[in-house]
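Raw coords.csv, CSV, C-alpha atoms and all ligand atoms:
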chain,number,residue,atom,x,y,z
A,1,MET,CA,30.6,21.0,4.7
A,2,GLN,CA,28.4,21.7,1.8
A,3,VAL,CA,25.9,19.1,0.4
A,4,SER,CA,28.0,18.2,-2.7
A,5,GLU,CA,31.1,17.7,-0.4
A,6,ARG,CA,29.1,15.6,2.0
A,7,ILE,CA,27.7,13.5,-0.9
A,8,VAL,CA,31.1,12.7,-2.3
A,9,ASP,CA,32.4,12.1,1.2
A,10,LEU,CA,29.6,9.6,1.9
A,11,VAL,CA,30.1,7.8,-1.4
A,12,ALA,CA,34.0,7.8,-1.1
A,13,THR,CA,33.9,6.3,2.4
A,14,GLY,CA,31.2,3.7,1.3
A,15,VAL,CA,28.7,5.0,3.9
A,16,ALA,CA,26.1,5.6,1.2
A,17,THR,CA,26.4,4.4,-2.4
A,18,SER,CA,22.9,4.8,-3.7
A,19,ARG,CA,20.7,7.8,-4.1
A,20,SER,CA,18.2,6.5,-1.5
A,21,GLN,CA,20.9,5.8,1.0
A,22,LEU,CA,22.2,9.3,0.5
A,23,ALA,CA,18.7,10.8,1.0
A,24,LYS,CA,18.4,8.9,4.2
A,25,GLU,CA,21.9,9.9,5.5
A,26,LEU,CA,21.5,13.6,4.6
A,27,GLY,CA,17.8,13.8,5.6
A,28,LEU,CA,17.0,15.3,2.2
A,29,ALA,CA,14.2,14.7,-0.3
A,30,PRO,CA,15.2,12.0,-2.9
A,31,SER,CA,14.5,14.5,-5.7
A,32,THR,CA,17.0,17.0,-4.2
A,33,VAL,CA,19.6,14.2,-3.9
A,34,SER,CA,19.0,13.1,-7.5
A,35,THR,CA,19.5,16.6,-8.8
A,36,LYS,CA,22.8,17.1,-6.8
A,37,VAL,CA,24.1,13.6,-7.9
A,38,ALA,CA,23.3,14.5,-11.5
A,39,GLU,CA,25.3,17.7,-11.2
A,40,LEU,CA,28.2,15.9,-9.6
A,41,MET,CA,28.2,13.3,-12.4
A,42,THR,CA,28.2,16.0,-15.1
A,43,ALA,CA,31.1,17.6,-13.3
A,44,GLY,CA,33.0,14.3,-13.3
A,45,LEU,CA,33.0,14.0,-9.5
A,46,LEU,CA,30.8,10.9,-9.2
A,47,ALA,CA,30.2,7.9,-11.5
A,48,GLU,CA,27.9,4.9,-11.6
A,49,THR,CA,28.8,1.3,-11.6
A,50,GLY,CA,26.5,-1.7,-12.3
A,51,ASP,CA,23.5,-2.4,-10.2
A,52,GLY,CA,23.4,-2.8,-6.4
A,53,PRO,CA,21.5,-5.5,-4.5
A,54,SER,CA,17.7,-5.2,-4.9
A,55,ARG,CA,15.3,-5.4,-2.1
A,56,GLY,CA,12.4,-6.5,-4.3
A,57,GLY,CA,12.0,-3.4,-6.5
A,58,ARG,CA,14.2,-2.0,-9.2
A,59,LYS,CA,18.0,-2.5,-8.6
A,60,PRO,CA,19.6,0.7,-7.3
A,61,ARG,CA,22.5,2.0,-9.3
A,62,VAL,CA,25.7,2.1,-7.3
A,63,LEU,CA,27.6,5.4,-7.0
A,64,THR,CA,31.3,5.6,-6.9
A,65,THR,CA,34.1,8.1,-6.8
A,66,ALA,CA,36.5,5.6,-8.4
A,67,GLY,CA,37.4,6.4,-12.0
A,68,THR,CA,36.2,9.9,-11.7
A,69,GLY,CA,38.6,12.9,-12.0
A,70,ILE,CA,41.7,13.8,-9.9
A,71,VAL,CA,43.1,16.9,-8.3
A,72,VAL,CA,46.7,18.0,-8.1
A,73,GLY,CA,48.4,19.8,-5.2
A,74,VAL,CA,51.6,21.7,-5.7
A,75,ASP,CA,54.0,22.7,-2.9
A,76,VAL,CA,56.2,25.5,-4.2
A,77,GLY,CA,59.7,25.7,-2.6
A,78,ALA,CA,62.6,28.0,-3.4
A,79,ARG,CA,64.2,25.4,-5.6
A,80,HIS,CA,61.7,22.6,-6.2
A,81,LEU,CA,58.0,21.9,-6.9
A,82,ARG,CA,56.5,19.0,-5.1
A,83,LEU,CA,53.4,17.6,-6.8
A,84,LEU,CA,50.8,15.2,-5.6
A,85,ALA,CA,47.8,13.6,-7.4
A,86,LEU,CA,44.8,12.7,-5.3
A,87,ASP,CA,41.5,11.1,-6.2
A,88,LEU,CA,38.2,12.2,-4.6
A,89,ALA,CA,38.3,9.3,-2.2
A,90,GLY,CA,41.4,10.8,-0.7
A,91,THR,CA,43.8,8.3,-2.1
A,92,VAL,CA,47.2,9.6,-3.0
A,93,LEU,CA,47.9,8.3,-6.6
A,94,GLN,CA,51.4,9.7,-7.2
A,95,THR,CA,53.9,12.2,-6.0
A,96,GLY,CA,56.8,13.8,-7.8
A,97,GLU,CA,59.5,16.5,-7.3
A,98,PHE,CA,60.8,18.8,-10.0
A,99,PRO,CA,63.5,21.5,-10.1
A,100,PHE,CA,62.2,25.0,-9.9
A,101,ASP,CA,63.7,28.5,-9.4
A,102,ILE,CA,61.4,30.8,-7.4
A,103,ALA,CA,64.0,33.6,-7.8
A,104,ALA,CA,63.4,33.6,-11.6
A,105,GLY,CA,60.2,35.6,-11.0
A,106,PRO,CA,56.5,35.0,-11.5
A,107,GLU,CA,56.2,34.8,-15.3
A,108,VAL,CA,58.9,32.1,-15.6
A,109,GLY,CA,57.4,30.5,-12.5
A,110,LEU,CA,53.9,30.4,-13.9
A,111,ASP,CA,55.2,28.7,-17.1
A,112,ALA,CA,57.0,26.1,-15.1
A,113,LEU,CA,54.0,25.5,-12.8
A,114,ALA,CA,51.5,25.1,-15.7
A,115,LEU,CA,53.8,22.8,-17.6
A,116,HIS,CA,54.6,20.5,-14.7
A,117,VAL,CA,50.9,20.3,-13.6
A,118,GLU,CA,49.7,19.5,-17.1
A,119,ARG,CA,52.4,16.8,-17.6
A,120,PHE,CA,51.8,15.3,-14.2
A,121,ALA,CA,48.0,15.1,-14.6
A,122,LEU,CA,48.5,13.6,-18.1
A,123,ASP,CA,50.5,10.7,-16.6
A,124,GLN,CA,47.4,9.8,-14.5
A,125,GLY,CA,45.2,9.4,-17.5
A,126,LYS,CA,42.3,10.9,-15.7
A,127,ARG,CA,40.4,14.2,-15.9
A,128,LEU,CA,42.0,16.9,-13.9
A,129,LEU,CA,39.3,18.7,-11.9
A,130,ALA,CA,41.2,21.4,-10.0
A,131,VAL,CA,44.6,22.5,-8.8
A,132,GLY,CA,45.8,23.7,-5.4
A,133,VAL,CA,49.1,25.6,-4.9
A,134,GLY,CA,51.0,26.4,-1.7
A,135,LEU,CA,53.4,29.3,-1.6
A,136,PRO,CA,56.2,30.0,0.9
A,137,GLY,CA,54.9,33.4,1.8
A,138,PRO,CA,51.7,35.3,2.7
A,139,VAL,CA,48.9,34.9,0.2
A,140,GLN,CA,45.6,36.9,0.0
A,141,PHE,CA,43.1,34.1,0.3
A,142,PRO,CA,40.9,33.2,-1.5
A,143,ALA,CA,42.0,35.8,-4.1
A,144,GLY,CA,45.3,33.9,-4.4
A,145,THR,CA,47.4,37.0,-4.9
A,146,VAL,CA,50.9,37.0,-3.5
A,147,ARG,CA,51.4,39.6,-0.7
A,148,VAL,CA,54.8,40.7,0.6
A,149,PRO,CA,57.0,37.7,0.1
A,150,ALA,CA,60.4,37.9,1.7
A,151,ARG,CA,61.4,34.6,-0.1
A,152,MET,CA,59.8,35.3,-3.5
A,153,PRO,CA,61.6,38.2,-5.1
A,154,GLY,CA,59.5,39.9,-7.8
A,155,TRP,CA,56.3,38.1,-6.9
A,156,LYS,CA,54.7,40.9,-4.9
A,157,ASP,CA,51.0,41.4,-5.9
A,158,PHE,CA,51.2,38.7,-8.6
A,159,PRO,CA,47.7,37.3,-9.2
A,160,LEU,CA,48.8,33.6,-9.3
A,161,ARG,CA,45.4,32.0,-8.8
A,162,GLU,CA,43.8,34.0,-11.6
A,163,ARG,CA,46.7,33.6,-14.1
A,164,LEU,CA,47.2,29.9,-13.5
A,165,ALA,CA,43.4,29.3,-13.8
A,166,GLN,CA,43.3,31.1,-17.1
A,167,ARG,CA,46.3,29.2,-18.3
A,168,LEU,CA,45.0,25.7,-17.3
A,169,GLY,CA,41.3,26.4,-18.0
A,170,LEU,CA,40.5,24.9,-14.5
A,171,PRO,CA,39.6,26.0,-11.0
A,172,VAL,CA,42.7,26.9,-9.1
A,173,ALA,CA,43.2,27.8,-5.4
A,174,VAL,CA,46.4,29.3,-3.9
A,175,ASP,CA,47.2,29.6,-0.2
A,176,ASN,CA,50.2,29.9,2.1
A,177,ASP,CA,52.1,26.6,2.5
A,178,THR,CA,51.7,26.4,6.3
A,179,SER,CA,48.0,26.9,6.2
A,180,LEU,CA,47.9,24.1,3.6
A,181,ILE,CA,50.0,21.7,5.7
A,182,ALA,CA,47.4,22.3,8.4
A,183,LEU,CA,44.5,21.6,6.0
A,184,GLY,CA,46.3,18.4,4.8
A,185,GLU,CA,46.8,17.2,8.4
A,186,VAL,CA,43.1,17.7,9.1
A,187,ALA,CA,42.3,15.7,6.0
A,188,VAL,CA,44.7,12.9,6.7
A,189,ARG,CA,43.7,12.6,10.3
A,190,ALA,CA,40.1,12.8,9.3
A,191,ASN,CA,39.5,14.8,12.4
A,192,ARG,CA,37.0,17.5,11.7
A,193,THR,CA,36.8,18.9,15.2
A,194,ALA,CA,40.5,19.2,15.9
A,195,THR,CA,42.2,22.3,17.3
A,196,MET,CA,45.7,22.2,15.9
A,197,VAL,CA,48.8,24.3,15.9
A,198,VAL,CA,51.0,23.5,12.9
A,199,VAL,CA,54.5,24.8,12.7
A,200,LYS,CA,56.6,24.6,9.6
A,201,ALA,CA,60.3,24.8,10.6
A,202,GLY,CA,62.6,24.7,7.6
A,203,THR,CA,64.9,27.3,6.3
A,204,GLY,CA,62.3,29.8,7.7
A,205,ILE,CA,59.5,29.4,10.2
A,206,GLY,CA,55.8,29.4,9.6
A,207,CYS,CA,52.8,28.7,11.8
A,208,GLY,CA,49.2,27.8,11.1
A,209,LEU,CA,46.1,27.4,13.2
A,210,VAL,CA,43.2,25.0,12.9
A,211,THR,CA,40.0,25.4,15.0
A,212,SER,CA,37.1,23.0,14.7
A,213,GLY,CA,38.8,21.4,11.8
A,214,ALA,CA,39.0,24.6,9.7
A,215,VAL,CA,42.1,26.7,8.9
A,216,HIS,CA,41.9,30.1,10.7
A,217,ARG,CA,43.5,32.7,8.4
A,218,GLY,CA,42.7,35.9,10.3
A,219,ALA,CA,41.5,39.3,9.0
A,220,GLY,CA,44.5,39.8,6.7
A,221,GLY,CA,45.4,36.2,6.1
A,222,VAL,CA,48.5,36.2,8.3
A,223,ALA,CA,47.1,34.6,11.5
A,224,GLY,CA,49.6,32.3,13.2
A,225,ASP,CA,52.7,34.2,12.2
A,226,ILE,CA,55.1,33.6,15.1
A,227,THR,CA,58.0,34.1,12.8
A,228,HIS,CA,58.6,37.7,13.8
A,229,VAL,CA,58.0,37.6,17.5
A,230,ARG,CA,61.0,39.3,19.1
A,231,VAL,CA,63.1,37.1,21.4
A,232,ASP,CA,66.0,38.1,23.7
A,233,ALA,CA,68.3,35.6,22.1
A,234,GLY,CA,67.8,37.4,18.8
A,235,ALA,CA,69.5,40.5,20.2
A,236,ASP,CA,70.2,42.8,17.2
A,237,ILE,CA,70.4,40.1,14.5
A,238,PRO,CA,68.7,41.6,11.4
A,239,CYS,CA,65.7,39.8,10.0
A,240,GLY,CA,64.3,39.7,6.5
A,241,CYS,CA,61.2,41.7,7.7
A,242,GLY,CA,63.3,44.7,8.4
A,243,ASN,CA,63.3,44.3,12.2
A,244,THR,CA,65.9,42.8,14.4
A,245,GLY,CA,65.9,39.8,16.9
A,246,CYS,CA,62.9,38.0,15.4
A,247,LEU,CA,62.4,34.3,16.3
A,248,GLU,CA,63.4,33.3,12.8
A,249,THR,CA,66.8,34.8,13.3
A,250,VAL,CA,67.6,32.2,16.0
A,251,ALA,CA,65.3,29.2,15.6
A,252,SER,CA,65.1,28.6,11.8
A,253,GLY,CA,67.2,26.2,9.7
A,254,ALA,CA,69.0,29.3,8.2
A,255,ALA,CA,69.8,30.5,11.7
A,256,ILE,CA,71.3,27.1,12.7
A,257,VAL,CA,73.3,27.0,9.5
A,258,LYS,CA,74.7,30.5,10.2
A,259,VAL,CA,75.7,29.5,13.8
A,260,LEU,CA,77.5,26.4,12.6
A,261,GLN,CA,79.3,28.2,9.8
A,262,GLY,CA,80.4,30.8,12.4
A,263,ASN,CA,81.9,27.9,14.4
A,264,GLY,CA,83.9,26.7,11.3
A,265,ILE,CA,81.6,23.8,10.5
A,266,GLU,CA,81.1,23.2,6.8
A,267,VAL,CA,77.3,23.3,6.1
A,268,ALA,CA,75.7,24.8,3.0
A,269,ASP,CA,72.0,24.7,3.9
A,270,THR,CA,69.1,23.3,6.0
A,271,GLY,CA,69.0,20.1,4.0
A,272,GLU,CA,72.5,19.2,5.1
A,273,LEU,CA,71.6,19.4,8.8
A,274,ALA,CA,70.0,16.0,8.8
A,275,ARG,CA,73.3,14.4,7.6
A,276,LEU,CA,75.3,16.3,10.2
A,277,CYS,CA,72.8,15.2,13.0
A,278,ASP,CA,73.1,11.6,11.9
A,279,ASP,CA,76.9,11.9,12.4
A,280,ALA,CA,76.0,13.1,15.9
A,281,GLN,CA,78.5,16.0,15.9
A,282,PRO,CA,78.0,17.6,19.4
A,283,GLU,CA,78.1,21.2,18.1
A,284,VAL,CA,75.5,20.4,15.5
A,285,ILE,CA,73.2,18.7,18.0
A,286,ALA,CA,73.6,21.6,20.5
A,287,ALA,CA,72.8,24.2,17.9
A,288,VAL,CA,69.7,22.3,16.7
A,289,ARG,CA,68.6,21.8,20.4
A,290,THR,CA,69.0,25.5,21.1
A,291,ALA,CA,66.9,26.4,18.1
A,292,GLY,CA,64.2,23.9,19.1
A,293,ARG,CA,64.1,25.3,22.6
A,294,LEU,CA,63.7,28.9,21.5
A,295,LEU,CA,60.9,27.9,19.1
A,296,GLY,CA,59.2,25.9,21.9
A,297,GLU,CA,59.4,28.9,24.3
A,298,VAL,CA,57.5,31.2,21.9
A,299,LEU,CA,55.2,28.4,20.9
A,300,ALA,CA,54.3,27.8,24.6
A,301,ALA,CA,52.5,31.2,24.7
A,302,VAL,CA,50.5,30.1,21.6
A,303,VAL,CA,49.7,26.7,23.1
A,304,ASN,CA,48.6,28.1,26.4
A,305,PHE,CA,46.4,30.6,24.6
A,306,VAL,CA,44.9,28.2,22.0
A,307,ASN,CA,44.8,25.0,24.1
A,308,PRO,CA,45.1,22.7,21.1
A,309,ASP,CA,44.7,18.9,20.9
A,310,VAL,CA,47.8,18.6,18.8
A,311,VAL,CA,51.0,20.5,17.9
A,312,VAL,CA,52.2,19.3,14.6
A,313,LEU,CA,55.8,20.0,13.4
A,314,ALA,CA,56.5,20.0,9.7
A,315,GLY,CA,59.4,21.1,7.5
A,316,ARG,CA,63.0,19.9,7.3
A,317,LEU,CA,63.8,20.5,11.0
A,318,ALA,CA,60.8,18.2,12.0
A,319,SER,CA,62.9,15.3,10.7
A,320,LEU,CA,65.6,16.0,13.3
A,321,GLU,CA,64.9,14.2,16.5
A,322,ALA,CA,66.9,16.6,18.6
A,323,PHE,CA,64.8,19.5,17.3
A,324,VAL,CA,61.5,17.8,18.0
A,325,ALA,CA,62.6,16.7,21.4
A,326,ALA,CA,63.7,20.3,22.3
A,327,VAL,CA,60.4,21.8,21.2
A,328,ARG,CA,58.5,19.2,23.1
A,329,GLY,CA,60.6,19.7,26.2
A,330,ALA,CA,60.1,23.5,26.2
A,331,LEU,CA,56.3,23.1,25.7
A,332,TYR,CA,56.0,20.7,28.6
A,333,GLU,CA,58.1,22.9,30.8
A,334,ARG,CA,56.5,26.2,29.9
A,335,CYS,CA,52.8,25.4,29.4
A,336,LEU,CA,50.1,24.9,32.0
A,337,PRO,CA,49.7,21.3,33.2
A,338,LEU,CA,46.0,21.6,32.2
A,339,VAL,CA,47.0,22.4,28.7
A,340,THR,CA,49.7,19.7,28.3
A,341,GLN,CA,47.6,17.0,30.0
A,342,HIS,CA,46.1,15.7,26.8
A,343,LEU,CA,48.4,17.5,24.3
A,344,GLU,CA,50.0,15.6,21.5
A,345,VAL,CA,53.2,17.0,20.1
A,346,GLY,CA,54.0,15.2,16.9
A,347,VAL,CA,55.4,15.3,13.4
A,348,VAL,CA,53.3,15.9,10.3
A,349,THR,CA,51.7,12.7,9.0
A,350,SER,CA,52.6,13.2,5.3
A,351,GLY,CA,56.3,14.0,5.8
A,352,LYS,CA,57.8,15.9,2.9
A,353,ASP,CA,54.5,15.6,1.0
A,354,ALA,CA,52.6,17.5,3.7
A,355,GLY,CA,52.4,20.8,1.7
A,356,ALA,CA,51.4,19.1,-1.5
A,357,ARG,CA,48.9,16.9,0.3
A,358,GLY,CA,47.2,20.0,1.8
A,359,ALA,CA,47.2,21.8,-1.5
A,360,ALA,CA,45.5,18.7,-3.0
A,361,ALA,CA,42.9,18.8,-0.1
A,362,LEU,CA,42.2,22.4,-1.0
A,363,ALA,CA,41.9,21.5,-4.7
A,364,ALA,CA,39.4,18.8,-3.8
A,365,GLN,CA,37.3,21.2,-1.8
A,366,VAL,CA,37.4,23.6,-4.7
A,367,ALA,CA,36.4,20.9,-7.2
A,368,LEU,CA,33.4,20.0,-5.0
A,369,THR,CA,32.2,23.3,-3.8
A,370,GLY,CA,34.0,26.0,-5.7
A,371,LEU,CA,36.4,28.6,-4.2
A,372,PRO,CA,35.4,29.7,-0.7
A,373,ALA,CA,34.0,33.2,-0.4
B,401,ZN,ZN,61.4,39.4,11.3
Translate this structure into structure tokens?
Ligand SMILES: [Zn+2]
Amino acid sequence: MQVSERIVDLVATGVATSRSQLAKELGLAPSTVSTKVAELMTAGLLAETGDGPSRGGRKPRVLTTAGTGIVVGVDVGARHLRLLALDLAGTVLQTGEFPFDIAAGPEVGLDALALHVERFALDQGKRLLAVGVGLPGPVQFPAGTVRVPARMPGWKDFPLRERLAQRLGLPVAVDNDTSLIALGEVAVRANRTATMVVVKAGTGIGCGLVTSGAVHRGAGGVAGDITHVRVDAGADIPCGCGNTGCLETVASGAAIVKVLQGNGIEVADTGELARLCDDAQPEVIAAVRTAGRLLGEVLAAVVNFVNPDVVVLAGRLASLEAFVAAVRGALYERCLPLVTQHLEVGVVTSGKDAGARGAAALAAQVALTGLPA
């Protein structure tokens, strides 16, 4: 964590609210702290309120993050944008969902993104400091350029970060949605030492890795991709990547929907699975369980290899009890006892806001320290 990030964190959590307390906590010279605080105040990241209690001398001015600016996180889905406004103390101020059509291409998408972010921030009545965006596909980070997106037709190589930053006149960061769910979970759990495996199981499957509290993106930004691991159950089912038999062809929401449709059950998309599970239709529960077990079996290799504290499940399938139970069952059955001994297998804390919460966490980092190199 950089000095400015630590200062805002100490002030936001109330650990240190004066320049002298900050200097003591950080072990820095008072003049260094004063300079940093002045910079942060100019940037709208810190403010001063009244006077603190005096110990004989001049009353120290109390620093606060309240009333300073906000950041907005956006989770881009195929048909919706989910937005979340966050203050620098980490308080969620507002969330909202708006219709969006990713298939309309990047120029139309950029217009819609800019418009919704501006309107949403305006509603908060506070200065917008930075914006974070999560996309459902591989992103070159920190450049924020879309790579080879199976679910984003026409977006290949689109420099979204650069274009949106120009448009809004603000710092913008763009990353893959699963990496951002991971980042958001670290922020919400306030666990900066965690080793975490985060799986987004929705219409498709994504996986992210956190080590020592930081997202591990890998050399090419695609670390954690278990989506296209070949599994026997996939046989010769074609996958969007061009191969056959990938995990996504048997364990994703789209795969479950396809199996059910093949059995004559009326279901249009992953979103409808929750309703069908609530009705406890045996074929539906069985298909959901099978998908969960197949995901768990592939995940077991990852969990053995990484030895995480937590496996976090996110995405629409994470709201299905039968799915979560099947993943958990496969992990406990297939992983080494030493690995599962202290392993928590849970569901993402922020629910359907998880992607937007992570995007806002990234935006807060960018507001405080700029885009990571
Ligand atoms: Zn594939």
Within-9 Å residues of ligand ZN 401 (chain B), basis all atoms listed in the file, as an MDAnalysis selection string: chainID A and resid 227:230 238:249
Using all atoms listed in the file, tabulate the residues of region 96-142 of chain A lying at most 10 Å from any atom of region 157-179 of chain A, each with its closest atom pair and that distance in Å to one decimal, by chain and increasing residue number, as a tab-separated table.
residue	atom	partner	partner_atom	distance
A:Gly105	CA	A:Phe158	CA	9.8
A:Pro106	CA	A:Phe158	CA	7.1
A:Glu107	CA	A:Phe158	CA	9.2
A:Gly109	CA	A:Leu160	CA	9.7
A:Leu110	CA	A:Leu164	CA	6.7
A:Asp111	CA	A:Leu164	CA	8.9
A:Leu113	CA	A:Leu164	CA	8.1
A:Ala114	CA	A:Leu168	CA	6.7
A:Leu115	CA	A:Leu168	CA	9.3
A:Val117	CA	A:Leu168	CA	8.8
A:Glu118	CA	A:Leu168	CA	7.8
A:Leu128	CA	A:Leu170	CA	8.2
A:Leu129	CA	A:Leu170	CA	6.8
A:Ala130	CA	A:Pro171	CA	5.0
A:Val131	CA	A:Val172	CA	4.8
A:Gly132	CA	A:Ala173	CA	4.9
A:Val133	CA	A:Val174	CA	4.7
A:Gly134	CA	A:Asp177	CA	4.3
A:Leu135	CA	A:Asn176	CA	4.9
A:Pro136	CA	A:Asp177	CA	5.6
A:Gly137	CA	A:Asn176	CA	5.9
A:Pro138	CA	A:Asn176	CA	5.6
A:Val139	CA	A:Asn176	CA	5.5
A:Gln140	CA	A:Asp175	CA	7.5
A:Phe141	CA	A:Asp175	CA	6.1
A:Pro142	CA	A:Ala173	CA	7.0
Can you tell me which residues surround region 305-307 of chain A at a distance of at most 6 Å, considering all atoms listed in the file, apart from same-chain residues fewer than 2 positions away, and format the answer as a list in words?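 Counting all atoms listed in the file, the residues come to Val302, Val303 and Val339 of chain A.
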I need the residues from that last selection saved to file as a PDB file, keeping the file's coordinate frame (with C-alpha atoms), if you can.
ATOM      1  CA  VAL A 302      50.500  30.100  21.600  1.00  0.00           C
ATOM      2  CA  VAL A 303      49.700  26.700  23.100  1.00  0.00           C
ATOM      3  CA  VAL A 339      47.000  22.400  28.700  1.00  0.00           C
TER       4      VAL A 339
END
Nearest to Val215 (chain A), chosen from A:Ser4, A:Gly358, A:Leu93, A:Arg189, with only C-alpha atoms counted in the distances: A:Gly358
What gap, in Å, lies between CA of Val284 (chain A) and CA of Gly329 (chain A)? 18.4 Å
Go through A:Glu344, A:Glu25, A:Asp232, A:Glu321 and flag the residue nearest Met196 (chain A), using all atoms listed in the file for the distances.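 Going through A:Glu344, A:Glu25, A:Asp232, A:Glu321 one by one, the smallest distance to Met196 (chain A) is for A:Glu344.
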Distance table requested - region 59-90 of chain A against region 38-47 of chain A, cut-off 10 Å, only C-alpha atoms: one row per qualifying residue with the closest atom pair and its distance in Å to one decimal, ordered by chain and rising residue number, as a Markdown table.
| residue | atom | partner | partner_atom | distance |
| --- | --- | --- | --- | --- |
| A:Arg61 | CA | A:Ala47 | CA | 9.9 |
| A:Val62 | CA | A:Ala47 | CA | 8.5 |
| A:Leu63 | CA | A:Ala47 | CA | 5.8 |
| A:Thr64 | CA | A:Ala47 | CA | 5.3 |
| A:Thr65 | CA | A:Leu46 | CA | 4.9 |
| A:Ala66 | CA | A:Ala47 | CA | 7.4 |
| A:Gly67 | CA | A:Ala47 | CA | 7.4 |
| A:Thr68 | CA | A:Leu45 | CA | 5.6 |
| A:Gly69 | CA | A:Gly44 | CA | 5.9 |
| A:Ile70 | CA | A:Leu45 | CA | 8.7 |
| A:Asp87 | CA | A:Leu45 | CA | 9.6 |
| A:Leu88 | CA | A:Leu45 | CA | 7.4 |
Determine the nearest neighbour of Asp353 (chain A) from the options A:Leu368, A:Ala85, A:Val267, A:Val311, counting all atoms listed in the file. A:Ala85
Name all residues at most 12 Å from Ile226 (chain A) (count all atoms listed in the file; drop same-chain ones fewer than 6 positions away) and give them as a ChimeraX atom specification. /A:178,197-201,204-209,246-249,251-252,294-303
So which residues fall inside 9 Å of (55.7, 21.1, -4.2) if we count all atoms listed in the file? Mind giving them as a list of chain:residue names? A:Gly73, A:Val74, A:Asp75, A:Val76, A:Gly77, A:His80, A:Leu81, A:Arg82, A:Leu83, A:Leu84, A:Gly96, A:Glu97, A:Phe98, A:Val133, A:Gly134, A:Leu135, A:Asp353, A:Gly355, A:Ala356, A:Ala359
Within 9 Å of Cys277 (chain A), counting only C-alpha atoms, which residues qualify if same-chain residues fewer than 5 places away don't, as a list in words?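 So the residues in contact are Glu272, Pro282, Val284, Ile285, Val288, Leu320, Glu321 and Ala322 of chain A.
Atom to atom, CA of Gly264 (chain A) and CA of Arg328 (chain A) stand 29.0 Å apart.
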Student task, region 3-15 of chain A output with N, CA and C atoms as a PDB file, in the first residue's frame:
ATOM      1  N   VAL A   3       1.841   5.402   0.448  1.00  0.00           N
ATOM      2  CA  VAL A   3       1.625   6.311   1.590  1.00  0.00           C
ATOM      3  C   VAL A   3       0.250   6.982   1.530  1.00  0.00           C
ATOM      4  N   SER A   4      -0.130   7.510   0.350  1.00  0.00           N
ATOM      5  CA  SER A   4      -1.421   8.206   0.279  1.00  0.00           C
ATOM      6  C   SER A   4      -2.579   7.260   0.593  1.00  0.00           C
ATOM      7  N   GLU A   5      -2.464   6.016   0.121  1.00  0.00           N
ATOM      8  CA  GLU A   5      -3.508   5.020   0.384  1.00  0.00           C
ATOM      9  C   GLU A   5      -3.579   4.726   1.885  1.00  0.00           C
ATOM     10  N   ARG A   6      -2.393   4.631   2.517  1.00  0.00           N
ATOM     11  CA  ARG A   6      -2.355   4.330   3.956  1.00  0.00           C
ATOM     12  C   ARG A   6      -2.910   5.492   4.772  1.00  0.00           C
ATOM     13  N   ILE A   7      -2.615   6.722   4.335  1.00  0.00           N
ATOM     14  CA  ILE A   7      -3.128   7.893   5.054  1.00  0.00           C
ATOM     15  C   ILE A   7      -4.655   7.897   5.020  1.00  0.00           C
ATOM     16  N   VAL A   8      -5.227   7.721   3.820  1.00  0.00           N
ATOM     17  CA  VAL A   8      -6.692   7.742   3.695  1.00  0.00           C
ATOM     18  C   VAL A   8      -7.302   6.584   4.490  1.00  0.00           C
ATOM     19  N   ASP A   9      -6.645   5.442   4.472  1.00  0.00           N
ATOM     20  CA  ASP A   9      -7.123   4.271   5.208  1.00  0.00           C
ATOM     21  C   ASP A   9      -7.123   4.553   6.723  1.00  0.00           C
ATOM     22  N   LEU A  10      -6.040   5.137   7.216  1.00  0.00           N
ATOM     23  CA  LEU A  10      -5.938   5.434   8.660  1.00  0.00           C
ATOM     24  C   LEU A  10      -6.987   6.461   9.087  1.00  0.00           C
ATOM     25  N   VAL A  11      -7.218   7.460   8.220  1.00  0.00           N
ATOM     26  CA  VAL A  11      -8.222   8.490   8.533  1.00  0.00           C
ATOM     27  C   VAL A  11      -9.629   7.891   8.448  1.00  0.00           C
ATOM     28  N   ALA A  12      -9.875   7.127   7.367  1.00  0.00           N
ATOM     29  CA  ALA A  12     -11.218   6.547   7.155  1.00  0.00           C
ATOM     30  C   ALA A  12     -11.603   5.603   8.286  1.00  0.00           C
ATOM     31  N   THR A  13     -10.624   4.859   8.811  1.00  0.00           N
ATOM     32  CA  THR A  13     -10.927   3.899   9.874  1.00  0.00           C
ATOM     33  C   THR A  13     -10.854   4.541  11.265  1.00  0.00           C
ATOM     34  N   GLY A  14     -10.467   5.837  11.301  1.00  0.00           N
ATOM     35  CA  GLY A  14     -10.430   6.555  12.581  1.00  0.00           C
ATOM     36  C   GLY A  14      -9.203   6.237  13.428  1.00  0.00           C
ATOM     37  N   VAL A  15      -8.260   5.500  12.861  1.00  0.00           N
ATOM     38  CA  VAL A  15      -7.044   5.143  13.615  1.00  0.00           C
ATOM     39  C   VAL A  15      -6.186   6.393  13.863  1.00  0.00           C
TER      40      VAL A  15
END
